[in-house]
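Here is the structure we will look at, set down as structure tokens.
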Amino acid sequence: MTDTTDTSTLIADALARFERAEEREAENRRAAYEDLAFRAGEQWPEDEAGRLESEGRPALTLNRIPAFVRQVTNDIRLMRPSISVVPVDGDGDPKTAAVLGGMIRYVENRSDAQAAYFTGMDSQVVAGIGHWQVLTEYASERTFDQEIRIAPIDDGVAVLWDPDAQLPTRADAAWCFQPVDLTHAAFRERYPKASASVAELDGESAAGGAAGWWGEDFVRVARYWQKQRTTRALALMPDGSVVECDTPEKLARAKKADARIEEREGFRVTHMVISANEVLEPETDWPGRFIPIVPVLGEEVRIGRRVVRHGIIRYAKDAQRMFNYAQSAQVEAIALQPKAPWLVTEDNVKAYAAVWAEANNKPLPYLPYRPDPQNGGAPPQRAQPAIASAGLSEMIAMAGQNLKDIIGLQDAGLGERSNETSGKAILARQREGDVGMFTYVDNFTRAIRHTGAILVDLIPRIYDTKRMIRVMGEDGAVDVIAINQPVTDPDSGLVKVANDLGVGAYDVFVQPGPGYTTRREEARDGLLELARMAPDLLVPLTLDLIAKAQDWPMADQIARRARSVIPPEVLAAEEAADAGEKPAPKPPGPAEIKAVADAEFAAAKAAEARANAELAQIELATAQLAFMARGPRPGASAAAGAGAPVPAPSGLAARSSSTGGSA
């Protein structure tokens with residue numbers, strides 16, 4: 001942007017936006033900086049501290065706030081939430097999702113993202129808001145390959161967002177300012193070609209609304225992010241894949257392939273660096289669709305359009321001031337009491353002055369004295385020691401309890417002994433403290449998830465060429481894989497792209513909880529406990545897993561040897577499940593084989609019995625037919641004439657009646 005008129009208009013519009021956001025956040029920013037100063041130990045009002053100091057009176061600062069802050073922040077540090085990636089459409093591939101997850105872990109490890117996360121989280125818990133950012137940079141001075149980095153933002157309160165943004169992640173914001181105050185020397189060194197010198201930055205030469213952008217010892221510059229609505233062409237290819245036609249060549253190929261082309265609304269993100277009166281770094285396109293600044297919020301109370309944002313110490317400051325005042329007054333009360341350990345007369349110790357001078361330095365067996373008639377010969381008396389004020393002691397205890405009640409962390413939550421006696425009661429009280437602080441844990445997890453969404457959107461745009469990349473597993477092991485590599489399918493002969501990060505849609509979710517090392521220790525303890533419960537059944541099946549979970553040297557080698565004694569059918573079922581196949585049917589056991597054999601033998605015996613019965617019937621019928629064929633026996637005619645019936649073979653009468661014949 002070289003045109004002076006356009007630059008002046010742009011700067012004026014930017015400063016107007018900055019002023020609008022600053023006015024909206026003025027109360028929250030002022031209170032947030034006061035909270036940070038209070039946590040650092042600036043807890044006495046300046047006029048009160050100066051008055052006490054001038055009078056020689058104590059103004060003690062017994063800062064209990066960091067103990068409460070560390071309890072919350074260290075609990076979040078122990079969580080180590082991890083980002084996982086899952087496919088959300090038909091083009092998404094679980095293997096590619098695993099690659100994206102491994103790349104995110106590598107980016108976090110490479111850029112020491114935990115430091116950025118925890119810097120933002122510390123500001124969140126104390127001041128109510130913190131930030132970190134996602135950057136891109138060249139992998140080295142000798143390559144065109146870019147890498148992604150997660151970096152901290154030191155002043156997490158200074159970032160200003162579009163006041164109309166509603167989402168906690170500010171993903172719906174149209175613009176954002178990331179201001180930095182530089183010394184005059186640093187400004188001249190970083191921007192030597194700036195058209196206006198620091199001396200020329202005054203109310204007349206700078207654009208309107210630029211108050212606060214410079215001073216005797218600083219010059220403010222700001223990275224100005226904008227998100228503008230735009231349209232983009234998407235092509236649905238004949239093979240079902242979706243291609244963004246962001247170049248004329250891609251659009252021509254899509255039309256040639258007779259693809260379905262539609263225009264969709266999207267966003268174009270740009271950034272530049274400005275001062276109060278000029279553009280210091282020109283407008284540049286950001287490859288992603290999100291402004292890569294991640295806010296992490298504390299607690300927010302919405303009162304109409306006004307938002308009150310705070311951390312855990314905002315409303316505990318009065319209790320801490322009360323604690324400091326009571327302790328200081330107690331010290332002063334004790335200091336003003338007499339310090340003389342003995343009450344004596346001059347004649348009591350005149351003859352033994354040297355002995356009495358050593359009374360508090362040496363364990364003397366006795367202290368001689370001379371009776372003084374002036375006090376009736378009474379012996380020297382030890383003075384009463386300094387006594388603390390009961391009222392001030394009660395105030396100290398009350399202030400300490402108020403701190404716990406306001407913040408929401410009691411003794412058990414702070415790791416101290418309380419009135420609970422059983423382990424279950426202690427855990428229940430600690431859980432109450434965790435629940436009271438869960439707002440901060442939940443908001444931190446949401447910010448990590450938004451970071452994952454930014455990375456998933458950014459990775460295919462940065463790692464868009466054939467290259468070898470590093471991925472990291474949950475156990476910290478680093479592997480090197482190839483992405484965007486064309487390979488030939490041996491079955492179809494078609495050329496496909498392996499690990500194509502630009503195909504498919506993916507979403508992220510965050511797994512809050514212990515890190516991999518802690519979960520491995522828990523898994524090891526759980527496996528050992530299960531093995532003790534049923535050693536004969538479970539040890540042969542889990543011996544390799546138990547060995548692999550150990551931290552011994554050669555644990556993996558022992559696990560491989562233990563795996564060789566696992567039943568083959570168990571290994572086959574496991575391999576089939578890993579490959580997504582149905583497990584092979586389990587071979588029958590001895591009892592099942594015997595039952596089948598017994599059933600088959602019984603069936604054979606039954607069939608044999610039926611065959612024998614049928615054979616007997618056939619033989620009987622054959623005998624009867626043969627008898628009838630020989631004719632009647634002597635003397636049978638008389639019987640026949642008398643009407644006596646002639647016996648028929650079994651079944652023969654039925655067959656004769658069915659054909660209409662007679663015997």
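Please note that chains go A, B, ... in the order of the structure tokens, that every chain numbers its residues from 1, and that ligands are numbered from 1 in the order shown.
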- Message: Could you list, as a list in words, every residue within 10 Å of Gly502 of chain A, counting only C-alpha atoms and ignoring same-chain residues fewer than 6 positions away?
- Response: Gly92, Thr96, Val242, Val243, Glu244, Asp457, Ile459, Pro460, Arg461, Tyr463, Asp464 and Asn484 of chain A
Could the residues in this selection be written to a file with N, CA and C atoms, as a PDB file, in the first residue's frame?
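Output file result-v7.pdb follows:
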```
ATOM      1  N   GLY A  92     -12.526 -38.492   4.605  1.00  0.00           N
ATOM      2  CA  GLY A  92     -11.538 -38.565   5.681  1.00  0.00           C
ATOM      3  C   GLY A  92     -11.056 -39.987   5.902  1.00  0.00           C
ATOM      4  N   THR A  96      -4.906 -41.051   7.842  1.00  0.00           N
ATOM      5  CA  THR A  96      -4.496 -39.656   7.676  1.00  0.00           C
ATOM      6  C   THR A  96      -4.763 -38.861   8.950  1.00  0.00           C
ATOM      7  N   VAL A 242     -13.432 -33.641  -3.342  1.00  0.00           N
ATOM      8  CA  VAL A 242     -13.747 -32.217  -3.410  1.00  0.00           C
ATOM      9  C   VAL A 242     -12.449 -31.440  -3.557  1.00  0.00           C
ATOM     10  N   VAL A 243     -12.383 -30.580  -4.571  1.00  0.00           N
ATOM     11  CA  VAL A 243     -11.173 -29.811  -4.860  1.00  0.00           C
ATOM     12  C   VAL A 243     -11.522 -28.333  -4.813  1.00  0.00           C
ATOM     13  N   GLU A 244     -10.692 -27.546  -4.127  1.00  0.00           N
ATOM     14  CA  GLU A 244     -10.867 -26.098  -4.109  1.00  0.00           C
ATOM     15  C   GLU A 244     -10.189 -25.494  -5.330  1.00  0.00           C
ATOM     16  N   ASP A 457      -6.479 -26.991  10.171  1.00  0.00           N
ATOM     17  CA  ASP A 457      -6.768 -26.159   8.999  1.00  0.00           C
ATOM     18  C   ASP A 457      -5.493 -25.707   8.297  1.00  0.00           C
ATOM     19  N   ILE A 459      -2.223 -27.146   8.482  1.00  0.00           N
ATOM     20  CA  ILE A 459      -1.241 -28.152   8.058  1.00  0.00           C
ATOM     21  C   ILE A 459      -1.341 -28.483   6.578  1.00  0.00           C
ATOM     22  N   PRO A 460      -2.548 -28.759   6.009  1.00  0.00           N
ATOM     23  CA  PRO A 460      -2.578 -29.068   4.566  1.00  0.00           C
ATOM     24  C   PRO A 460      -2.150 -27.911   3.682  1.00  0.00           C
ATOM     25  N   ARG A 461      -2.220 -26.690   4.173  1.00  0.00           N
ATOM     26  CA  ARG A 461      -1.841 -25.525   3.379  1.00  0.00           C
ATOM     27  C   ARG A 461      -0.337 -25.253   3.447  1.00  0.00           C
ATOM     28  N   TYR A 463       2.030 -27.839   4.520  1.00  0.00           N
ATOM     29  CA  TYR A 463       2.677 -29.074   4.070  1.00  0.00           C
ATOM     30  C   TYR A 463       1.909 -29.587   2.844  1.00  0.00           C
ATOM     31  N   ASP A 464       2.009 -28.837   1.734  1.00  0.00           N
ATOM     32  CA  ASP A 464       1.206 -29.115   0.548  1.00  0.00           C
ATOM     33  C   ASP A 464       2.021 -29.681  -0.609  1.00  0.00           C
ATOM     34  N   ASN A 484       1.919 -36.677   0.624  1.00  0.00           N
ATOM     35  CA  ASN A 484       1.617 -36.182  -0.728  1.00  0.00           C
ATOM     36  C   ASN A 484       2.468 -36.868  -1.795  1.00  0.00           C
TER      37      ASN A 484
END
```
- Item | Selection near segment 109-113 of chain A, 12 Å with only C-alpha atoms, sequence-local residues under 4 positions removed, as a PyMOL selection string | chain A and resi 80-82+102-105+117-120+132-137+139+147-153+448+451-452+470-474+476-478
- Mind checking DSSP for segment 73-287 of chain A and telling me the alpha helix (DSSP H) residues as a PyMOL selection string? chain A and resi 73-79+94-110+113-127+184-190+248-256
- Item | Distance of atom CA of Arg20 of chain A from atom CA of Asn277 of chain A, expressed in Å to one decimal place |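 Computing the Euclidean distance for atom CA of Asn277 of chain A and atom CA of Arg20 of chain A yields 17.6 Å.
Using only C-alpha atoms, the protein and nucleic acid residues lying no more than 10 Å from Asn63 of chain A, apart from those fewer than 4 places from it along its own chain, are A:Phe38, A:Arg39, A:Ala40, A:Gly41, A:Glu42, A:Gln43, A:Ala67, A:Gln320, A:Arg321, A:Phe323, A:Asn324.
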For the selection you just gave me, I'd like the residues written to a file as a PDB file, in the first residue's frame, keeping C-alpha atoms.
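Output below, filename selection_8.pdb:
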```pdb
ATOM      1  CA  PHE A  38      -1.007  -7.640  43.300  1.00  0.00           C
ATOM      2  CA  ARG A  39       0.100 -11.222  42.647  1.00  0.00           C
ATOM      3  CA  ALA A  40       3.683  -9.934  42.282  1.00  0.00           C
ATOM      4  CA  GLY A  41       3.523  -8.423  45.800  1.00  0.00           C
ATOM      5  CA  GLU A  42       2.397  -4.813  45.220  1.00  0.00           C
ATOM      6  CA  GLN A  43      -0.357  -5.062  47.826  1.00  0.00           C
ATOM      7  CA  ALA A  67       0.113 -20.467  46.852  1.00  0.00           C
ATOM      8  CA  GLN A 320      -5.046 -10.370  51.592  1.00  0.00           C
ATOM      9  CA  ARG A 321      -4.785  -6.668  52.514  1.00  0.00           C
ATOM     10  CA  PHE A 323      -4.094 -10.218  56.446  1.00  0.00           C
ATOM     11  CA  ASN A 324      -1.112  -7.923  55.745  1.00  0.00           C
TER      12      ASN A 324
END
```
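Interatomic distance, atom CA of Ile334 of chain A against atom CA of Phe68 of chain A: 29.1 Å.
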- Have a look at A:Ile274, A:Leu571, A:Ile462, A:Leu501 and name the one nearest to Phe18 of chain A; count only C-alpha atoms.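 For Phe18 of chain A, the nearest of the given residues is A:Ile274.
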- Leaving out Gln381 of chain A and any residue of its chain fewer than 2 positions from it, which residues lie within 7 Å of it when counting only C-alpha atoms, given as a list in words? Trp342, Leu343, Val344, Pro379 and Ala383 of chain A
Just the selected residues (all heavy atoms), exported as an mmCIF file, in the first residue's frame, please.
```cif
data_model
loop_
_atom_site.group_PDB
_atom_site.id
_atom_site.type_symbol
_atom_site.label_atom_id
_atom_site.label_comp_id
_atom_site.auth_asym_id
_atom_site.auth_seq_id
_atom_site.Cartn_x
_atom_site.Cartn_y
_atom_site.Cartn_z
ATOM 1 N N TRP A 342 14.653 -8.935 83.011
ATOM 2 C CA TRP A 342 14.636 -8.942 84.490
ATOM 3 C C TRP A 342 14.296 -7.552 85.005
ATOM 4 O O TRP A 342 14.707 -6.541 84.452
ATOM 5 C CB TRP A 342 16.001 -9.367 85.045
ATOM 6 C CG TRP A 342 16.349 -10.806 84.763
ATOM 7 C CD1 TRP A 342 17.071 -11.296 83.722
ATOM 8 C CD2 TRP A 342 15.984 -11.922 85.562
ATOM 9 N NE1 TRP A 342 17.180 -12.644 83.793
ATOM 10 C CE2 TRP A 342 16.521 -13.082 84.927
ATOM 11 C CE3 TRP A 342 15.271 -12.087 86.751
ATOM 12 C CZ2 TRP A 342 16.356 -14.362 85.431
ATOM 13 C CZ3 TRP A 342 15.117 -13.364 87.261
ATOM 14 C CH2 TRP A 342 15.640 -14.489 86.602
ATOM 15 N N LEU A 343 13.574 -7.561 86.136
ATOM 16 C CA LEU A 343 13.271 -6.326 86.849
ATOM 17 C C LEU A 343 14.077 -6.349 88.154
ATOM 18 O O LEU A 343 13.827 -7.174 89.038
ATOM 19 C CB LEU A 343 11.773 -6.226 87.147
ATOM 20 C CG LEU A 343 10.852 -6.194 85.919
ATOM 21 C CD1 LEU A 343 9.385 -6.150 86.368
ATOM 22 C CD2 LEU A 343 11.169 -4.986 85.050
ATOM 23 N N VAL A 344 15.075 -5.447 88.260
ATOM 24 C CA VAL A 344 15.974 -5.417 89.424
ATOM 25 C C VAL A 344 16.170 -3.969 89.854
ATOM 26 O O VAL A 344 15.884 -3.038 89.105
ATOM 27 C CB VAL A 344 17.351 -6.053 89.080
ATOM 28 C CG1 VAL A 344 17.196 -7.514 88.692
ATOM 29 C CG2 VAL A 344 18.047 -5.266 87.972
ATOM 30 N N PRO A 379 13.575 -10.455 95.827
ATOM 31 C CA PRO A 379 14.544 -10.858 94.804
ATOM 32 C C PRO A 379 14.179 -10.281 93.441
ATOM 33 O O PRO A 379 13.039 -9.870 93.205
ATOM 34 C CB PRO A 379 14.431 -12.383 94.806
ATOM 35 C CG PRO A 379 13.038 -12.649 95.237
ATOM 36 C CD PRO A 379 12.708 -11.561 96.221
ATOM 37 N N ALA A 383 10.714 -10.443 83.888
ATOM 38 C CA ALA A 383 9.626 -9.694 83.264
ATOM 39 C C ALA A 383 8.770 -10.620 82.406
ATOM 40 O O ALA A 383 9.239 -11.616 81.845
ATOM 41 C CB ALA A 383 10.193 -8.565 82.399
#
```
- Any chance you could list, as a list in words, the residues in segment 10-98 of chain A that come up strand (DSSP E) when DSSP is run on the backbone? Ser82, Ile83, Ser84, Val85, Val86 and Pro87 of chain A
Let's have the selection written as a JSON list (two decimals), in the first residue's frame, with C-alpha atoms.
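Done, and the output landed in out_36.json:
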```json
[["chain", "number", "residue", "atom", "x", "y", "z"],
["A", 82, "SER", "CA", -3.52, -33.95, 24.20],
["A", 83, "ILE", "CA", -5.07, -33.12, 20.81],
["A", 84, "SER", "CA", -6.58, -35.98, 18.80],
["A", 85, "VAL", "CA", -7.85, -35.82, 15.19],
["A", 86, "VAL", "CA", -10.82, -37.71, 13.76],
["A", 87, "PRO", "CA", -12.31, -37.78, 10.22]]
```
- Message: Using only C-alpha atoms for the distances, tell me which of A:Gly288, A:Pro568, A:Pro373, A:Gly56 is nearest to Val456 of chain A.
- Response: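 For Val456 of chain A, the nearest of the candidates is A:Gly288.
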Show me a table, sorted first by chain and then by increasing residue number, of the residues of segment 281-348 of chain A having an atom at most 10 Å from segment 215-239 of chain A, each with its shortest atom pair and the distance in Å to one decimal, counting only C-alpha atoms and written as a Markdown table.
```
| residue | atom | partner | partner_atom | distance |
| --- | --- | --- | --- | --- |
| A:Glu281 | CA | A:Arg223 | CA | 8.8 |
| A:Glu283 | CA | A:Tyr224 | CA | 9.0 |
| A:Thr284 | CA | A:Trp225 | CA | 9.7 |
| A:Asp285 | CA | A:Gln226 | CA | 9.7 |
| A:Trp286 | CA | A:Trp225 | CA | 9.3 |
| A:Arg289 | CA | A:Lys227 | CA | 8.1 |
| A:Phe290 | CA | A:Lys227 | CA | 7.9 |
| A:Ile291 | CA | A:Trp225 | CA | 6.9 |
| A:Pro292 | CA | A:Trp225 | CA | 9.1 |
| A:Ile293 | CA | A:Trp225 | CA | 9.4 |
```
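The nearest approach to Met121 of chain A among the residues A:Tyr440, A:Phe177, A:Phe144, A:Phe627, with only C-alpha atoms taken into account, belongs to A:Tyr440.
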- Spatial neighbours of Pro486 of chain A, max dist 10 Å, only C-alpha atoms, sep filter under 3 positions, as a list of chain:residue names: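 The residues that qualify are A:Lys466, A:Ile483, A:Asp489, A:Leu494, A:Val495, A:Lys496, A:Val497, A:Ala498, A:Asn499, A:Asp500.
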